[in-house]
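**Q** Below are the structure tokens for one structure; questions will follow.
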Amino acid sequence: MSDFLSDANAIVWSSPLVYLCLAAGLYFTIRLRLVQVRHIPGMLEQLRKGESSEAGVSSFQALAMSLAGRVGMGNIGGVATAIAFGGPGAVFWMWVMAFLGAATSFIECSLGQVYKERDKEGEYRGGPAYYIEKGLGMRWYGMLFAFVTVLAMGLLLPGVQANGISSSMENAWGLDPRIVAIGVVIALAFIVVGGLKRIAVFASMVVPFMAIAYILLALIILFVNITEVPAMFALIVRSAFGLDAAFGSILGMAVMWGVKRGLYSNEAGQGTGPHAAAAAEVSHPAKQGLAQAFAVYVDTLFVCTATAIMILSTGMYRVHEGGSADGAVIHSGPAEVADVEVGPAFTQAALDSVFPGLGGTFVAVALLFFAFTTIVAYYYMAEVNLTYLLRGRSHTVHVWSYRVLQLIVLVVVAYGTLTTADDAWAAGDLGVGLMAWLNIIAILILQGPAIKVLKDYEAQKKQGVDPQFDPRPLGIKNATFWEERADRLAVGPDTALEGDARR
């Protein structure tokens, strides 16, 4: 299995995917005229305001659900892995991926809103499978993406998060992974059986609190090591372009691991964000596109940077050649990280160097919440795509299929706590890469409606009105939800949302 995962990743995560991610982000940044900078006030506005109904969640809850999927093992163990195999320069390429990825996220999440629909239980559903079918008219492509997503979110990705929880707790408290597996599985079962609403409420309560606490602790470490900060940022930039003597030989790895872990962390272009975006109740798709673009900033520019600051400012890292912990060590940190496993242990050692005895416990608790909410979000996205695959089937088929999916996720999570970190990461990377290939190609073809959405939003904002969306004047077809909503809105200003709540 290890050899298979390694060989598959070598194909999926070849150079073309790395450059495709960067090129798509750069193209969308230019095409949308720096939307990720111009509309920062609009992003923040969506977090303060926003509608909700029985059919959908608020913009903030959708953002929290999205962050639940983005903020996880990739922000702690993933950053450490990127530094270990790509050097400090990998952090710079993670930043680049976040900045460009915010524009990509706007495109895919706006499309998720445009082509969303209701399921038989009355909840909003949407995502790449839906906009591929409705926007491109390619049902087979939508089915392929849905199948790959169920595979990735149900089988390949949960193990990474579970393994991070297990390894950090074992490192901090010496807990037997089997005990961790039992606890996580029981808690996860309670959440996922509750459905979309329980997932949204749970995510909106947990994710912001832990993210803020994590960032605040990183800032404290930053101030404690303030004299090291200029040299740290200089090292990141030099290493990113192969100008540092120690890390110049791994420039290609810096780009590869920066983009690879950047995509794993913020998921911009992977196609995960549109699932949460489609669940939001908004009056215009661009609103949720902006909110989800901001999620990329929170994930990488805030949380991932916090981890990088902890690790690099304290020097608690080592760097290997060849993208593997078995490769030759070209930089060795202090004795505290000489023999520890690449991953969360770097962050734990960094915290311990400033707050002795705190590092292991804090990182273990942070990973418990971050990774647990990520697993919950993975299940939600797997369920959305399973719903897509089962459209037209009876209610009984849906219910039993959901139960089977829940059981599979619980088994994978239990196994993930017991497997090796290398195999868990390899499986996760394969899932991310497969989804990214399919989704980025789709949104490059189907970018037109998202660009029209932004122009329509900006035109209405200039008129001083709260933007409302009707796809027909824009020439956007098959956005039936919005067509029906616009018709109800024409009857009365409150009819649209009231109608959504009643249905």
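Going by the structure tokens order, chains are called A, B, ..., each with residues numbered from 1, while ligands are numbered from 1 in the order shown.
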Could you make a table, as JSON lines, of the residues of segment 88-184 of chain A that have an atom within 7 Å of an atom of segment 261-265 of chain A, each with its nearest atom pair and distance in Å to one decimal, counting only C-alpha atoms, in chain and number order?

**A**
{"residue": "A:Met94", "atom": "CA", "partner": "A:Gly262", "partner_atom": "CA", "distance": 4.6}
{"residue": "A:Met97", "atom": "CA", "partner": "A:Gly262", "partner_atom": "CA", "distance": 6.0}
{"residue": "A:Ala98", "atom": "CA", "partner": "A:Gly262", "partner_atom": "CA", "distance": 6.9}

**Q** Kindly export the residues of the current selection with C-alpha atoms, as a PDB file, in the first residue's frame.

**A**
ATOM      1  CA  MET A  94       2.473  28.939   0.825  1.00  0.00           C
ATOM      2  CA  MET A  97      -0.555  30.143  -2.956  1.00  0.00           C
ATOM      3  CA  ALA A  98      -2.872  31.840  -0.443  1.00  0.00           C
TER       4      ALA A  98
END

**Q** Could you please write out, as a PyMOL selection string, every residue of segment 429-468 of chain A that DSSP assigns to helix (DSSP H, G or I)?

**A** chain A and resi 429-445+448-462

**Q** Please provide the set of residues having any atom within 8 Å of segment 357-367 of chain A, restricted to only C-alpha atoms, with same-chain residues fewer than 3 positions apart removed, written as a PyMOL selection string.

**A** chain A and resi 72-73+76+164-165+168-169+171-173+210+214+344-345+347-352+370-372

**Q** Go ahead and save the residues from that selection, with C-alpha atoms, as an mmCIF file, in the first residue's frame.

**A**
data_model
loop_
_atom_site.group_PDB
_atom_site.id
_atom_site.type_symbol
_atom_site.label_atom_id
_atom_site.label_comp_id
_atom_site.auth_asym_id
_atom_site.auth_seq_id
_atom_site.Cartn_x
_atom_site.Cartn_y
_atom_site.Cartn_z
ATOM 1 C CA GLY A 72 -6.595 21.341 10.549
ATOM 2 C CA MET A 73 -3.532 19.127 10.446
ATOM 3 C CA ILE A 76 0.282 22.615 12.153
ATOM 4 C CA GLY A 164 -2.354 14.115 13.808
ATOM 5 C CA ILE A 165 -4.654 13.951 16.827
ATOM 6 C CA SER A 168 0.214 14.834 19.201
ATOM 7 C CA MET A 169 -1.597 13.270 22.169
ATOM 8 C CA ASN A 171 3.758 12.911 22.249
ATOM 9 C CA ALA A 172 2.163 15.172 24.871
ATOM 10 C CA TRP A 173 0.605 12.734 27.308
ATOM 11 C CA MET A 210 -9.269 27.903 18.660
ATOM 12 C CA TYR A 214 -3.568 29.754 18.404
ATOM 13 C CA PRO A 344 3.326 18.480 14.979
ATOM 14 C CA ALA A 345 6.321 17.668 17.209
ATOM 15 C CA THR A 347 5.486 22.997 16.801
ATOM 16 C CA GLN A 348 5.331 21.363 20.214
ATOM 17 C CA ALA A 349 9.092 21.763 20.628
ATOM 18 C CA ALA A 350 8.869 25.415 19.521
ATOM 19 C CA LEU A 351 6.231 26.169 22.145
ATOM 20 C CA ASP A 352 8.142 24.297 24.843
ATOM 21 C CA PHE A 370 -8.786 21.726 14.456
ATOM 22 C CA ALA A 371 -8.448 18.180 13.114
ATOM 23 C CA PHE A 372 -11.750 16.996 14.590
#

**Q** What separation in Å, quoted to one decimal, exists between atom CA of Ala234 of chain A and atom CA of Ala338 of chain A?

**A** 24.1 Å

**Q** Taking 4 positions as the minimum chain separation for residues in the same chain, which residues sit within 12 Å of Asn225 of chain A when counting only C-alpha atoms? Answer as a list in words.

**A**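 Surrounding residues, per the criterion: Ala218, Leu219, Ile220, Ile221, Val229, Pro230, Ala231, Met232, Ile309, Met310, Ile311, Leu312, Ser313, Thr314, Gly315, Ala350, Leu351, Ser353 and Val354 of chain A.
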
**Q** Nearest to Val91 of chain A: which of A:Ala479, A:Val259, A:Ala162, A:Ala377 is it, counting only C-alpha atoms?

**A**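 Looking at the shortest contact to Val91 of chain A, the residue is A:Val259.
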
**Q** Between atom CA of Pro128 of chain A and atom CA of Gly154 of chain A, what is the distance, to one decimal in Å?

**A**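 Atom-to-atom, atom CA of Pro128 of chain A to atom CA of Gly154 of chain A, that is 16.7 Å.
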